[in-house]
file start_4.pdb (PDB, C-alpha atoms and all ligand atoms)
MODEL        1
ATOM      1  CA  MET A 210     -20.363 104.801  29.507
ATOM      2  CA  TYR A 211     -21.381 106.779  32.567
ATOM      3  CA  HIS A 212     -21.146 104.512  35.591
ATOM      4  CA  LYS A 213     -24.491 102.708  36.039
ATOM      5  CA  GLU A 214     -24.659 102.715  39.834
ATOM      6  CA  LYS A 215     -23.713 106.373  39.865
ATOM      7  CA  PHE A 216     -26.416 107.721  37.567
ATOM      8  CA  GLU A 217     -28.984 105.416  39.127
ATOM      9  CA  LYS A 218     -28.171 106.813  42.553
ATOM     10  CA  ILE A 219     -28.418 110.417  41.321
ATOM     11  CA  LEU A 220     -31.744 109.858  39.614
ATOM     12  CA  PHE A 221     -33.058 107.884  42.554
ATOM     13  CA  LYS A 222     -32.657 110.826  44.897
ATOM     14  CA  SER A 223     -33.592 113.619  42.466
ATOM     15  CA  SER A 224     -37.019 115.198  42.682
ATOM     16  CA  LEU A 225     -39.281 114.712  39.685
ATOM     17  CA  ALA A 226     -39.512 118.493  39.305
ATOM     18  CA  ASN A 227     -35.715 118.687  38.866
ATOM     19  CA  ILE A 228     -35.575 115.745  36.513
ATOM     20  CA  MET A 229     -38.257 117.274  34.290
ATOM     21  CA  ARG A 230     -36.553 120.667  34.319
ATOM     22  CA  LYS A 231     -33.255 119.119  33.191
ATOM     23  CA  ALA A 232     -35.057 117.076  30.566
ATOM     24  CA  PHE A 233     -36.733 120.243  29.258
ATOM     25  CA  GLU A 234     -33.447 122.158  29.075
ATOM     26  CA  ALA A 235     -31.650 119.292  27.315
ATOM     27  CA  HIS A 236     -34.590 118.349  25.024
ATOM     28  CA  ILE A 237     -34.824 114.845  26.431
ATOM     29  CA  LEU A 238     -38.217 113.189  26.252
ATOM     30  CA  VAL A 239     -39.806 111.666  29.350
ATOM     31  CA  PRO A 240     -42.499 109.325  28.027
ATOM     32  CA  ALA A 241     -45.551 108.695  30.227
ATOM     33  CA  PHE A 242     -47.473 105.446  29.863
ATOM     34  CA  ASN A 243     -51.106 105.083  30.884
ATOM     35  CA  VAL A 244     -52.012 102.138  33.070
ATOM     36  CA  ALA A 245     -55.379 101.043  31.671
ATOM     37  CA  TYR A 246     -55.215  97.645  33.428
ATOM     38  CA  LEU A 247     -53.341  96.840  36.631
ATOM     39  CA  PRO A 248     -51.125  94.091  35.119
ATOM     40  CA  MET A 249     -49.664  96.726  32.777
ATOM     41  CA  VAL A 250     -47.654  98.234  35.652
ATOM     42  CA  LYS A 251     -45.073  95.438  35.749
ATOM     43  CA  PRO A 252     -44.069  95.391  32.071
ATOM     44  CA  ILE A 253     -43.890  99.199  31.894
ATOM     45  CA  VAL A 254     -41.457  99.391  34.824
ATOM     46  CA  GLU A 255     -39.450  96.429  33.565
ATOM     47  CA  VAL A 256     -38.961  97.684  30.036
ATOM     48  CA  LEU A 257     -38.027 101.225  31.143
ATOM     49  CA  THR A 258     -35.436  99.711  33.478
ATOM     50  CA  GLU A 259     -34.133  97.335  30.840
ATOM     51  CA  LEU A 260     -33.700 100.160  28.310
ATOM     52  CA  ARG A 261     -32.277 102.570  30.914
ATOM     53  CA  CYS A 262     -34.921 105.083  29.944
ATOM     54  CA  PHE A 263     -36.489 107.448  32.474
ATOM     55  CA  GLY A 264     -40.278 107.540  32.167
ATOM     56  CA  LEU A 265     -43.543 107.860  34.032
ATOM     57  CA  LEU A 266     -46.440 105.557  34.732
ATOM     58  CA  GLU A 267     -49.717 107.392  34.918
ATOM     59  CA  VAL A 268     -53.370 106.758  35.545
ATOM     60  CA  ALA A 269     -56.300 108.911  34.528
ATOM     61  CA  LEU A 270     -59.947 108.826  35.524
ATOM     62  CA  PRO A 271     -60.992 107.140  32.230
ATOM     63  CA  ASP A 272     -58.424 104.364  32.901
ATOM     64  CA  ILE A 273     -60.381 103.627  36.067
ATOM     65  CA  GLU A 274     -63.924 104.287  34.896
ATOM     66  CA  LYS A 275     -63.759 102.868  31.362
ATOM     67  CA  PHE A 276     -60.987 100.270  31.568
ATOM     68  CA  GLY A 277     -59.439  98.142  34.296
ATOM     69  CA  ALA A 278     -57.141 100.289  36.419
ATOM     70  CA  GLN A 279     -59.644  99.960  39.311
ATOM     71  CA  SER A 280     -58.613 102.899  41.534
ATOM     72  CA  PHE A 281     -55.772 105.325  42.225
ATOM     73  CA  SER A 282     -54.934 103.363  45.337
ATOM     74  CA  ALA A 283     -54.900 100.010  43.478
ATOM     75  CA  VAL A 284     -52.480 101.466  40.910
ATOM     76  CA  LYS A 285     -50.275 102.904  43.649
ATOM     77  CA  GLN A 286     -50.238  99.556  45.421
ATOM     78  CA  GLU A 287     -49.376  97.655  42.248
ATOM     79  CA  TYR A 288     -46.702 100.220  41.401
ATOM     80  CA  GLY A 289     -45.226  99.804  44.887
ATOM     81  CA  LYS A 290     -44.460  96.157  44.062
ATOM     82  CA  TYR A 291     -42.258  96.991  41.083
ATOM     83  CA  GLU A 292     -41.195 100.666  41.277
ATOM     84  CA  ASN A 293     -37.634 101.640  40.486
ATOM     85  CA  LYS A 294     -37.136 105.319  41.313
ATOM     86  CA  ALA A 295     -34.043 105.580  39.150
ATOM     87  CA  TYR A 296     -36.186 104.992  36.064
ATOM     88  CA  THR A 297     -39.817 105.574  36.946
ATOM     89  CA  ARG A 298     -42.230 107.773  38.869
ATOM     90  CA  LEU A 299     -46.011 107.694  39.264
ATOM     91  CA  HIS A 300     -48.146 110.504  37.877
ATOM     92  CA  LEU A 301     -51.845 111.269  38.299
ATOM     93  CA  ASP A 302     -53.084 111.984  34.784
ATOM     94  CA  HIS A 303     -56.204 113.961  33.800
ATOM     95  CA  VAL A 304     -58.336 114.932  36.714
ATOM     96  CA  PRO A 305     -60.861 116.946  34.721
ATOM     97  CA  VAL A 306     -63.047 119.619  36.267
ATOM     98  CA  ILE A 307     -65.662 118.754  33.639
ATOM     99  CA  ASP A 308     -65.265 115.301  32.133
ATOM    100  CA  GLU A 309     -65.607 114.078  28.539
ATOM    101  CA  ASP A 310     -69.301 113.319  29.123
ATOM    102  CA  GLY A 311     -69.936 116.867  30.359
ATOM    103  CA  ASP A 312     -70.263 115.834  34.024
ATOM    104  CA  LEU A 313     -68.759 117.844  36.875
ATOM    105  CA  VAL A 314     -65.970 115.992  38.696
ATOM    106  CA  ASP A 315     -65.091 116.346  42.366
ATOM    107  CA  TRP A 316     -61.492 117.174  41.417
ATOM    108  CA  ASN A 317     -60.522 118.382  44.861
ATOM    109  CA  VAL A 318     -61.147 114.991  46.467
ATOM    110  CA  LEU A 319     -59.316 113.117  43.713
ATOM    111  CA  ILE A 320     -56.234 115.335  43.759
ATOM    112  CA  GLN A 321     -56.109 115.136  47.547
ATOM    113  CA  GLU A 322     -56.415 111.348  47.379
ATOM    114  CA  ALA A 323     -53.452 111.078  44.991
ATOM    115  CA  LEU A 324     -51.367 113.431  47.134
ATOM    116  CA  ASP A 325     -52.182 111.412  50.245
ATOM    117  CA  LEU A 326     -51.280 108.196  48.420
ATOM    118  CA  GLY A 327     -47.878 109.646  47.543
ATOM    119  CA  TYR A 328     -48.176 110.148  43.779
ATOM    120  CA  ASP A 329     -45.078 111.933  42.472
ATOM    121  CA  SER A 330     -46.952 114.482  40.333
ATOM    122  CA  VAL A 331     -50.561 115.391  39.571
ATOM    123  CA  MET A 332     -52.533 116.824  36.689
ATOM    124  CA  ILE A 333     -55.524 119.110  36.896
ATOM    125  CA  ASP A 334     -57.409 119.550  33.652
ATOM    126  CA  GLY A 335     -59.512 122.688  33.663
ATOM    127  CA  SER A 336     -59.369 122.982  29.885
ATOM    128  CA  ARG A 337     -63.152 122.784  29.470
ATOM    129  CA  LEU A 338     -63.477 125.928  31.623
ATOM    130  CA  GLY A 339     -62.977 129.542  30.579
ATOM    131  CA  LEU A 340     -59.474 130.995  31.101
ATOM    132  CA  GLU A 341     -60.180 132.732  34.419
ATOM    133  CA  GLU A 342     -61.901 129.695  35.950
ATOM    134  CA  ASN A 343     -59.137 127.393  34.716
ATOM    135  CA  ILE A 344     -56.585 129.712  36.342
ATOM    136  CA  GLU A 345     -58.482 129.723  39.637
ATOM    137  CA  VAL A 346     -58.811 125.923  39.851
ATOM    138  CA  THR A 347     -55.210 125.337  38.773
ATOM    139  CA  LYS A 348     -53.934 127.814  41.364
ATOM    140  CA  LYS A 349     -55.725 125.863  44.092
ATOM    141  CA  VAL A 350     -54.152 122.588  42.950
ATOM    142  CA  VAL A 351     -50.692 124.166  42.718
ATOM    143  CA  LYS A 352     -51.056 125.374  46.306
ATOM    144  CA  LEU A 353     -52.123 121.932  47.552
ATOM    145  CA  ALA A 354     -49.454 120.036  45.607
ATOM    146  CA  HIS A 355     -46.537 122.402  46.159
ATOM    147  CA  ALA A 356     -47.140 122.200  49.900
ATOM    148  CA  LYS A 357     -46.042 118.567  49.472
ATOM    149  CA  ASN A 358     -43.298 119.377  46.927
ATOM    150  CA  VAL A 359     -45.327 117.680  44.207
ATOM    151  CA  PRO A 360     -45.201 119.213  40.722
ATOM    152  CA  VAL A 361     -48.377 120.034  38.819
ATOM    153  CA  GLU A 362     -49.373 119.640  35.196
ATOM    154  CA  ALA A 363     -52.250 121.742  33.891
ATOM    155  CA  GLU A 364     -53.953 122.004  30.509
ATOM    156  CA  LEU A 365     -54.907 124.871  28.279
ATOM    157  CA  GLY A 366     -56.557 124.385  24.893
ATOM    158  CA  ALA A 367     -58.746 121.530  23.695
ATOM    159  CA  VAL A 368     -57.183 118.132  23.078
ATOM    160  CA  TYR A 369     -60.151 116.457  21.363
ATOM    161  CA  GLY A 370     -60.838 112.739  21.076
ATOM    162  CA  HIS A 371     -62.153 111.548  24.449
ATOM    163  CA  GLU A 372     -65.668 112.891  23.827
ATOM    164  CA  LYS A 373     -68.423 110.555  22.606
ATOM    165  CA  GLY A 374     -69.147 110.597  18.890
ATOM    166  CA  PRO A 375     -66.811 111.005  15.935
ATOM    167  CA  LEU A 376     -63.842 113.369  15.979
ATOM    168  CA  PRO A 377     -64.270 116.376  13.636
ATOM    169  CA  PRO A 378     -62.360 115.670  10.379
ATOM    170  CA  TYR A 379     -58.692 115.766  11.441
ATOM    171  CA  GLU A 380     -57.348 117.765   8.474
ATOM    172  CA  GLU A 381     -59.932 120.463   9.072
ATOM    173  CA  LEU A 382     -59.082 120.535  12.766
ATOM    174  CA  PHE A 383     -55.366 120.856  12.053
ATOM    175  CA  ARG A 384     -55.737 123.466   9.311
ATOM    176  CA  SER A 385     -58.122 125.668  11.277
ATOM    177  CA  GLY A 386     -56.194 125.343  14.527
ATOM    178  CA  LYS A 387     -59.532 124.774  16.297
ATOM    179  CA  GLY A 388     -58.956 124.353  20.019
ATOM    180  CA  PHE A 389     -55.214 125.107  19.790
ATOM    181  CA  THR A 390     -53.676 126.610  22.919
ATOM    182  CA  ASP A 391     -53.621 130.377  22.556
ATOM    183  CA  VAL A 392     -50.100 131.794  22.950
ATOM    184  CA  GLU A 393     -51.040 134.935  24.875
ATOM    185  CA  GLU A 394     -53.358 132.951  27.166
ATOM    186  CA  ALA A 395     -50.583 130.410  27.789
ATOM    187  CA  LYS A 396     -48.269 133.197  28.972
ATOM    188  CA  ILE A 397     -50.880 134.581  31.380
ATOM    189  CA  PHE A 398     -51.892 131.097  32.532
ATOM    190  CA  VAL A 399     -48.373 129.982  33.471
ATOM    191  CA  GLU A 400     -47.518 133.306  35.124
ATOM    192  CA  LYS A 401     -50.666 133.321  37.244
ATOM    193  CA  THR A 402     -50.917 129.648  38.162
ATOM    194  CA  ARG A 403     -47.190 128.773  38.500
ATOM    195  CA  THR A 404     -48.007 125.381  37.041
ATOM    196  CA  ASP A 405     -44.844 123.313  36.595
ATOM    197  CA  TRP A 406     -45.745 121.716  33.261
ATOM    198  CA  LEU A 407     -48.219 122.749  30.600
ATOM    199  CA  SER A 408     -50.307 120.417  28.467
ATOM    200  CA  VAL A 409     -51.078 122.011  25.108
ATOM    201  CA  ALA A 410     -53.179 121.463  21.989
ATOM    202  CA  ILE A 411     -51.093 121.912  18.828
ATOM    203  CA  GLY A 412     -52.566 119.262  16.540
ATOM    204  CA  ASN A 413     -52.483 116.348  18.998
ATOM    205  CA  VAL A 414     -55.722 114.447  19.678
ATOM    206  CA  HIS A 415     -56.576 111.702  22.156
ATOM    207  CA  GLY A 416     -57.351 108.161  21.033
ATOM    208  CA  ALA A 417     -61.042 107.316  21.509
ATOM    209  CA  ILE A 418     -62.088 105.695  24.790
ATOM    210  CA  SER A 419     -65.729 104.822  24.185
ATOM    211  CA  GLY A 420     -67.849 102.786  21.780
ATOM    212  CA  ALA A 421     -66.393 100.798  18.908
ATOM    213  CA  ALA A 422     -63.886 103.591  18.148
ATOM    214  CA  LYS A 423     -61.822 102.631  21.201
ATOM    215  CA  ASP A 424     -60.677  99.500  19.327
ATOM    216  CA  GLU A 425     -59.965 101.244  16.035
ATOM    217  CA  LYS A 426     -56.684 102.580  14.732
ATOM    218  CA  LYS A 427     -56.132 106.197  15.732
ATOM    219  CA  VAL A 428     -55.729 108.990  13.176
ATOM    220  CA  ASN A 429     -52.174 109.944  12.253
ATOM    221  CA  ALA A 430     -51.881 113.305  13.943
ATOM    222  CA  ARG A 431     -49.295 116.029  13.219
ATOM    223  CA  LEU A 432     -48.033 118.961  15.264
ATOM    224  CA  ASN A 433     -47.790 122.649  14.459
ATOM    225  CA  ILE A 434     -44.181 123.200  15.504
ATOM    226  CA  GLU A 435     -44.193 126.960  14.907
ATOM    227  CA  HIS A 436     -47.124 127.308  17.245
ATOM    228  CA  LEU A 437     -45.368 125.124  19.833
ATOM    229  CA  ALA A 438     -42.204 127.253  19.643
ATOM    230  CA  LYS A 439     -44.244 130.396  20.287
ATOM    231  CA  ILE A 440     -45.854 128.822  23.363
ATOM    232  CA  VAL A 441     -42.471 127.723  24.721
ATOM    233  CA  SER A 442     -40.915 131.146  24.155
ATOM    234  CA  VAL A 443     -43.504 132.820  26.410
ATOM    235  CA  THR A 444     -43.953 130.100  29.051
ATOM    236  CA  ASN A 445     -40.523 128.478  29.464
ATOM    237  CA  VAL A 446     -41.930 125.375  31.178
ATOM    238  CA  PRO A 447     -41.822 121.707  30.137
ATOM    239  CA  ILE A 448     -44.559 121.096  27.573
ATOM    240  CA  VAL A 449     -46.771 118.016  27.741
ATOM    241  CA  LEU A 450     -48.303 116.364  24.732
ATOM    242  CA  HIS A 451     -51.428 114.328  25.316
ATOM    243  CA  GLY A 452     -52.641 111.907  22.672
ATOM    244  CA  GLY A 453     -49.146 110.554  22.082
ATOM    245  CA  SER A 454     -50.203 107.390  20.233
ATOM    246  CA  GLY A 455     -49.941 107.625  16.491
ATOM    247  CA  ILE A 456     -48.359 111.041  15.959
ATOM    248  CA  GLU A 457     -46.173 111.223  12.856
ATOM    249  CA  LYS A 458     -42.550 110.562  13.761
ATOM    250  CA  GLU A 459     -41.160 113.727  12.129
ATOM    251  CA  SER A 460     -43.620 115.852  14.091
ATOM    252  CA  VAL A 461     -42.814 114.105  17.359
ATOM    253  CA  LEU A 462     -39.060 114.519  16.956
ATOM    254  CA  ALA A 463     -39.427 118.188  15.976
ATOM    255  CA  GLY A 464     -41.737 118.633  18.965
ATOM    256  CA  ILE A 465     -39.114 117.239  21.333
ATOM    257  CA  ARG A 466     -36.440 119.540  19.868
ATOM    258  CA  ASN A 467     -38.792 122.452  20.479
ATOM    259  CA  GLY A 468     -39.848 121.957  24.096
ATOM    260  CA  VAL A 469     -42.097 118.896  24.373
ATOM    261  CA  THR A 470     -40.764 117.097  27.462
ATOM    262  CA  LYS A 471     -43.537 114.649  28.362
ATOM    263  CA  ILE A 472     -45.644 112.642  25.943
ATOM    264  CA  ASN A 473     -48.635 110.627  27.159
ATOM    265  CA  ILE A 474     -49.096 107.267  25.482
ATOM    266  CA  GLY A 475     -52.340 105.431  26.187
ATOM    267  CA  THR A 476     -54.120 103.900  23.196
ATOM    268  CA  ALA A 477     -51.101 102.177  21.618
ATOM    269  CA  ILE A 478     -50.228 100.135  24.701
ATOM    270  CA  ARG A 479     -53.822  99.568  25.834
ATOM    271  CA  GLN A 480     -54.779  98.143  22.444
ATOM    272  CA  ALA A 481     -51.626  95.981  22.387
ATOM    273  CA  TYR A 482     -52.577  94.580  25.802
ATOM    274  CA  GLU A 483     -56.253  93.981  24.959
ATOM    275  CA  LYS A 484     -55.598  92.433  21.548
ATOM    276  CA  GLU A 485     -53.122  89.920  22.947
ATOM    277  CA  LEU A 486     -55.364  89.099  25.908
ATOM    278  CA  TRP A 487     -58.364  88.482  23.628
ATOM    279  CA  LYS A 488     -56.254  86.337  21.351
ATOM    280  CA  THR A 489     -54.466  84.193  23.926
ATOM    281  CA  GLY A 490     -56.413  84.645  27.148
ATOM    282  CA  ARG A 491     -53.040  84.913  28.907
ATOM    283  CA  VAL A 492     -52.139  87.967  31.000
ATOM    284  CA  GLU A 493     -48.448  87.194  30.646
ATOM    285  CA  SER A 494     -48.638  87.307  26.839
ATOM    286  CA  ALA A 495     -50.535  90.585  27.053
ATOM    287  CA  GLN A 496     -47.842  91.975  29.383
ATOM    288  CA  ASN A 497     -45.194  90.957  26.851
ATOM    289  CA  ALA A 498     -47.125  92.731  24.113
ATOM    290  CA  VAL A 499     -47.039  95.934  26.189
ATOM    291  CA  LYS A 500     -43.291  95.558  26.642
ATOM    292  CA  GLU A 501     -42.775  95.027  22.925
ATOM    293  CA  GLU A 502     -44.832  98.089  22.013
ATOM    294  CA  ILE A 503     -42.916 100.268  24.479
ATOM    295  CA  ARG A 504     -39.547  98.873  23.391
ATOM    296  CA  GLN A 505     -40.410  99.712  19.815
ATOM    297  CA  LEU A 506     -41.434 103.267  20.772
ATOM    298  CA  ILE A 507     -38.368 103.957  22.907
ATOM    299  CA  VAL A 508     -35.774 102.440  20.603
ATOM    300  CA  ASN A 509     -37.081 103.069  17.084
ATOM    301  CA  TYR A 510     -39.517 105.923  17.330
ATOM    302  CA  TYR A 511     -38.252 108.324  19.991
ATOM    303  CA  GLY A 512     -34.659 107.043  20.048
ATOM    304  CA  ILE A 513     -34.297 107.556  23.798
ATOM    305  CA  ARG A 514     -32.761 104.283  24.946
ATOM    306  CA  GLY A 515     -30.248 105.165  27.697
ATOM    307  CA  SER A 516     -31.781 108.600  28.389
ATOM    308  CA  ALA A 517     -31.514 108.000  32.153
ATOM    309  CA  GLU A 518     -27.726 108.018  31.853
ATOM    310  CA  ILE A 519     -27.742 111.468  30.244
ATOM    311  CA  LEU A 520     -30.234 112.801  32.777
ATOM    312  CA  GLY A 521     -28.125 111.443  35.635
ATOM    313  CA  ALA A 522     -25.017 113.154  34.271
ATOM    314  CA  LEU A 523     -26.867 116.467  33.830
ATOM    315  CA  LEU A 524     -28.354 116.313  37.317
ATOM    316  CA  GLU A 525     -24.928 115.778  38.842
ATOM    317  CA  LYS A 526     -23.623 119.096  37.488
TER     318      LYS A 526
HETATM  319  P1  LIG B 601     -53.462 108.371  23.539
HETATM  320  O1  LIG B 601     -54.434 107.389  24.112
HETATM  321  O2  LIG B 601     -53.969 108.996  22.309
HETATM  322  O3  LIG B 601     -52.097 107.813  23.427
HETATM  323  O4  LIG B 601     -53.377 109.549  24.610
HETATM  324  C1  LIG B 601     -53.065 109.261  25.941
HETATM  325  C2  LIG B 601     -53.198 110.450  26.798
HETATM  326  O5  LIG B 601     -53.038 111.560  26.376
HETATM  327  C3  LIG B 601     -53.534 110.225  28.206
HETATM  328  O6  LIG B 601     -53.639 111.402  28.918
ENDMDL
END
call {"tool": "encode", "arguments": {"input": "start_4.pdb", "output": "structure tokens", "more": "lines below"}}
Ligand code: 13P
result
Amino acid sequence: MYHKEKFEKILFKSSLANIMRKAFEAHILVPAFNVAYLPMVKPIVEVLTELRCFGLLEVALPDIEKFGAQSFSAVKQEYGKYENKAYTRLHLDHVPVIDEDGDLVDWNVLIQEALDLGYDSVMIDGSRLGLEENIEVTKKVVKLAHAKNVPVEAELGAVYGHEKGPLPPYEELFRSGKGFTDVEEAKIFVEKTRTDWLSVAIGNVHGAISGAAKDEKKVNARLNIEHLAKIVSVTNVPIVLHGGSGIEKESVLAGIRNGVTKINIGTAIRQAYEKELWKTGRVESAQNAVKEEIRQLIVNYYGIRGSAEILGALLEK
């Protein structure tokens, strides 16, 4: 086994941009877990550390507005109590330019706030804009973030599911490729924006966040791996998969072999937390449920227990 203190030290001092690049080259998944409620921070950090798996904690606007993450600063503060840089970093997820309810968002202020708070990476989501507008907004965020050596994730294509109302029938969506990231546009987008990571739509959908659907089981999504491979061949950047809960295992593993480096997992751990809290009324039990769900994902589903050791060894070279 690679010496524990050694790889921990290497990861500790590596930039997130470098870690993600190595992970992309070696086809190692970096899972990213959404903090929908502040007490979820502790179990996420603890279980990643326990399993020696490098991963991200992330918070998106819906986590704050629709659930209990409170604010970017509250999450940062909570994270500061438990963080372990050898295994975890803090990412700002989904700052949309137009949100799921069709409202314009003051993205500039939010991105700046996260940068000032010291988030390790940020996401701008201009995917509801046309290509040129998305490029323009993303370029501005890249400029702001890179000035602080902070990597940027941007999105192209439509990852459905957060909007109000029912999702279009999934099979139809998958078969038609509706909203899928266009390969030629992806090439232009990455070249022009210099975004570090690209979030794509290749069959993945978000779990619902409003109405009764937010408590229901998510559809079993699949991925179009051929389409993914084409995107990777023209962009050559780490690919991000939103809507990570409930994707068929075969698809997920093939996705990782073909360039998916970061997968966002929200619904699965939020529902585990809420269900246990409703049942027992005890935050500690709910925290344990989050840990159990993540342990199950890391060990049995992704098979990435100990991934920090491999990353540490690769970063040393
Ligand atoms: P799920 O809620 O479907 O896991 O998606 C999470 C996500 O993509 C957050 O950005």
call {"tool": "axis_aligned_box", "arguments": {"input": "start_4.pdb", "around": "ligand LIG 601 (chain B)", "padding_each_side": "4 Å", "output": "JSON"}}
result
{"center_x": -53.3, "center_y": 109.5, "center_z": 25.6, "size_x": 10.3, "size_y": 12.2, "size_z": 14.6}
call {"tool": "residues_near_ligand", "arguments": {"input": "start_4.pdb", "ligand": "ligand LIG 601 (chain B)", "cutoff": "7 Å", "atoms": "only C-alpha atoms and all ligand atoms", "output": "CSV table (one decimal) with C-alpha atoms, keeping the file's coordinate frame"}}
result
chain,number,residue,atom,x,y,z
A,243,ASN,CA,-51.1,105.1,30.9
A,269,ALA,CA,-56.3,108.9,34.5
A,302,ASP,CA,-53.1,112.0,34.8
A,303,HIS,CA,-56.2,114.0,33.8
A,414,VAL,CA,-55.7,114.4,19.7
A,415,HIS,CA,-56.6,111.7,22.2
A,416,GLY,CA,-57.4,108.2,21.0
A,450,LEU,CA,-48.3,116.4,24.7
A,451,HIS,CA,-51.4,114.3,25.3
A,452,GLY,CA,-52.6,111.9,22.7
A,453,GLY,CA,-49.1,110.6,22.1
A,454,SER,CA,-50.2,107.4,20.2
A,473,ASN,CA,-48.6,110.6,27.2
A,474,ILE,CA,-49.1,107.3,25.5
A,475,GLY,CA,-52.3,105.4,26.2
A,476,THR,CA,-54.1,103.9,23.2
A,477,ALA,CA,-51.1,102.2,21.6
call {"tool": "residues_near_point", "arguments": {"input": "start_4.pdb", "point": "(-41.9, 121.5, 20.2)", "cutoff": "8 Å", "atoms": "all atoms listed in the file", "output": "ChimeraX atom specification"}}
result
/A:434-435,437-438,441,448,461,463-469
call {"tool": "residues_around", "arguments": {"input": "start_4.pdb", "residues": "Gly277 (chain A)", "least_positions_apart": "2", "cutoff": "8 Å", "atoms": "only C-alpha atoms", "output": "PyMOL selection string"}}
result
chain A and resi 245-247+272-275+279
call {"tool": "resolve_selection", "arguments": {"input": "start_4.pdb", "expression": "the PyMOL selection byres (((chain A and resi 358) around 10) and not hetatm)", "output": "ChimeraX atom specification"}}
result
/A:224-226,329-330,351-357,359-361
call {"tool": "resolve_selection", "arguments": {"input": "start_4.pdb", "expression": "the PyMOL selection byres (((chain A and resi 327) around 10) and not hetatm)", "output": "list of chain:residue names"}}
result
A:Ser282, A:Lys285, A:Leu299, A:His300, A:Gln321, A:Glu322, A:Ala323, A:Leu324, A:Asp325, A:Leu326, A:Tyr328, A:Asp329, A:Ser330, A:Lys357, A:Val359
call {"tool": "closest_residue", "arguments": {"input": "start_4.pdb", "among": "A:Asn497, A:Ala417, A:Arg491, A:Tyr510", "to": "Lys458 (chain A)", "atoms": "all atoms listed in the file"}}
result
A:Tyr510
call {"tool": "closest_residue", "arguments": {"input": "start_4.pdb", "among": "A:Asp312, A:Glu425, A:Asp391, A:Glu214", "to": "Ile411 (chain A)", "atoms": "all atoms listed in the file"}}
result
A:Asp391
call {"tool": "residues_around", "arguments": {"input": "start_4.pdb", "residues": "Glu483 (chain A)", "least_positions_apart": "3", "cutoff": "12 Å", "atoms": "all atoms listed in the file", "output": "ChimeraX atom specification"}}
result
/A:245-246,248-249,276-277,423-424,476-480,486-499
call {"tool": "resolve_selection", "arguments": {"input": "start_4.pdb", "expression": "the PyMOL selection byres (((chain A and resi 333) around 12) and not hetatm)", "output": "ChimeraX atom specification"}}
result
/A:269-270,300-308,314-321,323,330-332,334-338,343-351,353-354,360-365,402,404-408
call {"tool": "write_last_selection", "arguments": {"input": "start_4.pdb", "atoms": "C-alpha atoms", "output": "compact mmCIF listing (two decimals), in the frame of the given file"}}
result
# COMPACT_ATOMS: atom_id res chain seq x y z
CA ALA A 269 -56.30 108.91 34.53
CA LEU A 270 -59.95 108.83 35.52
CA HIS A 300 -48.15 110.50 37.88
CA LEU A 301 -51.84 111.27 38.30
CA ASP A 302 -53.08 111.98 34.78
CA HIS A 303 -56.20 113.96 33.80
CA VAL A 304 -58.34 114.93 36.71
CA PRO A 305 -60.86 116.95 34.72
CA VAL A 306 -63.05 119.62 36.27
CA ILE A 307 -65.66 118.75 33.64
CA ASP A 308 -65.26 115.30 32.13
CA VAL A 314 -65.97 115.99 38.70
CA ASP A 315 -65.09 116.35 42.37
CA TRP A 316 -61.49 117.17 41.42
CA ASN A 317 -60.52 118.38 44.86
CA VAL A 318 -61.15 114.99 46.47
CA LEU A 319 -59.32 113.12 43.71
CA ILE A 320 -56.23 115.34 43.76
CA GLN A 321 -56.11 115.14 47.55
CA ALA A 323 -53.45 111.08 44.99
CA SER A 330 -46.95 114.48 40.33
CA VAL A 331 -50.56 115.39 39.57
CA MET A 332 -52.53 116.82 36.69
CA ASP A 334 -57.41 119.55 33.65
CA GLY A 335 -59.51 122.69 33.66
CA SER A 336 -59.37 122.98 29.88
CA ARG A 337 -63.15 122.78 29.47
CA LEU A 338 -63.48 125.93 31.62
CA ASN A 343 -59.14 127.39 34.72
CA ILE A 344 -56.58 129.71 36.34
CA GLU A 345 -58.48 129.72 39.64
CA VAL A 346 -58.81 125.92 39.85
CA THR A 347 -55.21 125.34 38.77
CA LYS A 348 -53.93 127.81 41.36
CA LYS A 349 -55.72 125.86 44.09
CA VAL A 350 -54.15 122.59 42.95
CA VAL A 351 -50.69 124.17 42.72
CA LEU A 353 -52.12 121.93 47.55
CA ALA A 354 -49.45 120.04 45.61
CA PRO A 360 -45.20 119.21 40.72
CA VAL A 361 -48.38 120.03 38.82
CA GLU A 362 -49.37 119.64 35.20
CA ALA A 363 -52.25 121.74 33.89
CA GLU A 364 -53.95 122.00 30.51
CA LEU A 365 -54.91 124.87 28.28
CA THR A 402 -50.92 129.65 38.16
CA THR A 404 -48.01 125.38 37.04
CA ASP A 405 -44.84 123.31 36.60
CA TRP A 406 -45.74 121.72 33.26
CA LEU A 407 -48.22 122.75 30.60
CA SER A 408 -50.31 120.42 28.47
